[in-house]
Amino acid sequence: MKMLAEEVVLITGASGGIGSAISLAYASVGAKVIVGYNSNFEKAQKLCESLPGDGHVTKYVPILDSAALNVLADEIKVEMGRLDILINNAGVTKVVPHQDLNSLQDDDIDRIFATNFRGSFACVRAFQKLLARSGEGLVVNISSIAGTTAVGSSVAYCASKAAMNSMTMSLARALAPSIRVVAVAPGWVAGEYASRADPAYMQEQIDKTPLGRIANASDVANTVVALSTTMTFITGCVIPVDGGRPLI
């Protein structure tokens, strides 16, 4: 397995459940982690200080502000000297039953698409030059099986993840060979969001999953890190981490 000593990884939305697991997984194989946050510096800094190894930093990453992202790219270049891996993990949703069209307001749709699609694209655009300089640049977009099954928290969320998947393929073609672009698409992941769901509903999801459980954040993180360490001849695809959920 390739170790990532001295390589630098930026993770947006890093202090959430999946982001924290990805941060820990990358730090554990020697990478220097930039713990990206939008609103909760204290939580991000606590995560940063807990990571094994050294050289980790906490950075404000306002993914909806392209000008600020460009400034951050220059800052990373000066302070870190490089950027090898970008993980587009920040995302939002709103739970709206798909048949309830009136409850999915225009502002909800705009916010979901702005964060899940435009923000991820803006990060790639801002950090493209740094990633290309790496020689083995990698972008991992954290998508969802909702992008292909169209089953999820809202119609807008599903559509935004479908857009992310399409963007992944487009950018993989456009940025090759210097930058690989891959999407990782979890199904249900144990954590705060799943814990708020009805227990009977969650048990139904487990019963309908061939592997007999929902994912842990570490399942997602291990898949992401494998794209940097062992699965290095992959680009332009969507890798599900769902226990086979769509099979039933």
# chains A, B, ... in the order shown; residues from 1 in each chain; ligands from 1
>>> select_by_dssp(residues="range 4-60 of chain A", states="strand (DSSP E)", output="ChimeraX atom specification")
/A:8-11,32-37,57-60
>>> residues_around(residues="range 167-169 of chain A", least_positions_apart="4", cutoff="7 Å", atoms="only C-alpha atoms", output="list in words")
Ala163, Arg173, Val181, Val182, Ala183, Gly236 and Cys237 of chain A
>>> write_last_selection(atoms="N, CA, C and O atoms", output="mmCIF file, in the first residue's frame")
data_model
loop_
_atom_site.group_PDB
_atom_site.id
_atom_site.type_symbol
_atom_site.label_atom_id
_atom_site.label_comp_id
_atom_site.auth_asym_id
_atom_site.auth_seq_id
_atom_site.Cartn_x
_atom_site.Cartn_y
_atom_site.Cartn_z
ATOM 1 N N ALA A 163 -26.136 15.340 -10.362
ATOM 2 C CA ALA A 163 -25.297 16.354 -10.999
ATOM 3 C C ALA A 163 -23.836 16.181 -10.598
ATOM 4 O O ALA A 163 -22.926 16.333 -11.427
ATOM 5 N N ARG A 173 -12.521 13.389 -17.374
ATOM 6 C CA ARG A 173 -12.081 13.448 -18.769
ATOM 7 C C ARG A 173 -11.294 14.726 -19.025
ATOM 8 O O ARG A 173 -10.245 14.720 -19.677
ATOM 9 N N VAL A 181 -10.459 12.090 -10.944
ATOM 10 C CA VAL A 181 -11.684 12.544 -10.279
ATOM 11 C C VAL A 181 -12.608 11.344 -10.122
ATOM 12 O O VAL A 181 -12.958 10.681 -11.107
ATOM 13 N N VAL A 182 -12.995 11.059 -8.892
ATOM 14 C CA VAL A 182 -13.815 9.890 -8.578
ATOM 15 C C VAL A 182 -14.896 10.312 -7.587
ATOM 16 O O VAL A 182 -14.669 11.170 -6.731
ATOM 17 N N ALA A 183 -16.068 9.720 -7.691
ATOM 18 C CA ALA A 183 -17.122 9.930 -6.699
ATOM 19 C C ALA A 183 -17.281 8.673 -5.855
ATOM 20 O O ALA A 183 -17.179 7.553 -6.364
ATOM 21 N N GLY A 236 -13.118 8.870 -13.070
ATOM 22 C CA GLY A 236 -14.350 9.080 -13.816
ATOM 23 C C GLY A 236 -15.471 8.118 -13.520
ATOM 24 O O GLY A 236 -16.331 7.895 -14.370
ATOM 25 N N CYS A 237 -15.515 7.560 -12.303
ATOM 26 C CA CYS A 237 -16.581 6.608 -11.991
ATOM 27 C C CYS A 237 -17.166 6.916 -10.613
ATOM 28 O O CYS A 237 -16.643 7.731 -9.859
#
>>> residues_around(residues="range 67-75 of chain A", least_positions_apart="4", cutoff="9 Å", atoms="only C-alpha atoms", output="list in words")
Lys59, Tyr60, Val61, Pro62, Ile63, Glu79, Met80, Leu83, Ala122, Cys123, Arg125, Ala126, Phe127, Lys129 and Leu130 of chain A
>>> closest_residue(among="A:Val78, A:Val8, A:Val96, A:Ile22", to="Gly55 in chain A", atoms="only C-alpha atoms")
A:Val8
>>> atom_distance(atom1="CA of Gln45 in chain A", atom2="CA of Gly16 in chain A")
12.3 Å
>>> residues_around(residues="Asp107 in chain A", least_positions_apart="5", cutoff="12 Å", atoms="only C-alpha atoms", output="NGL selection string")
:A and (93-94 or 112-114 or 156)
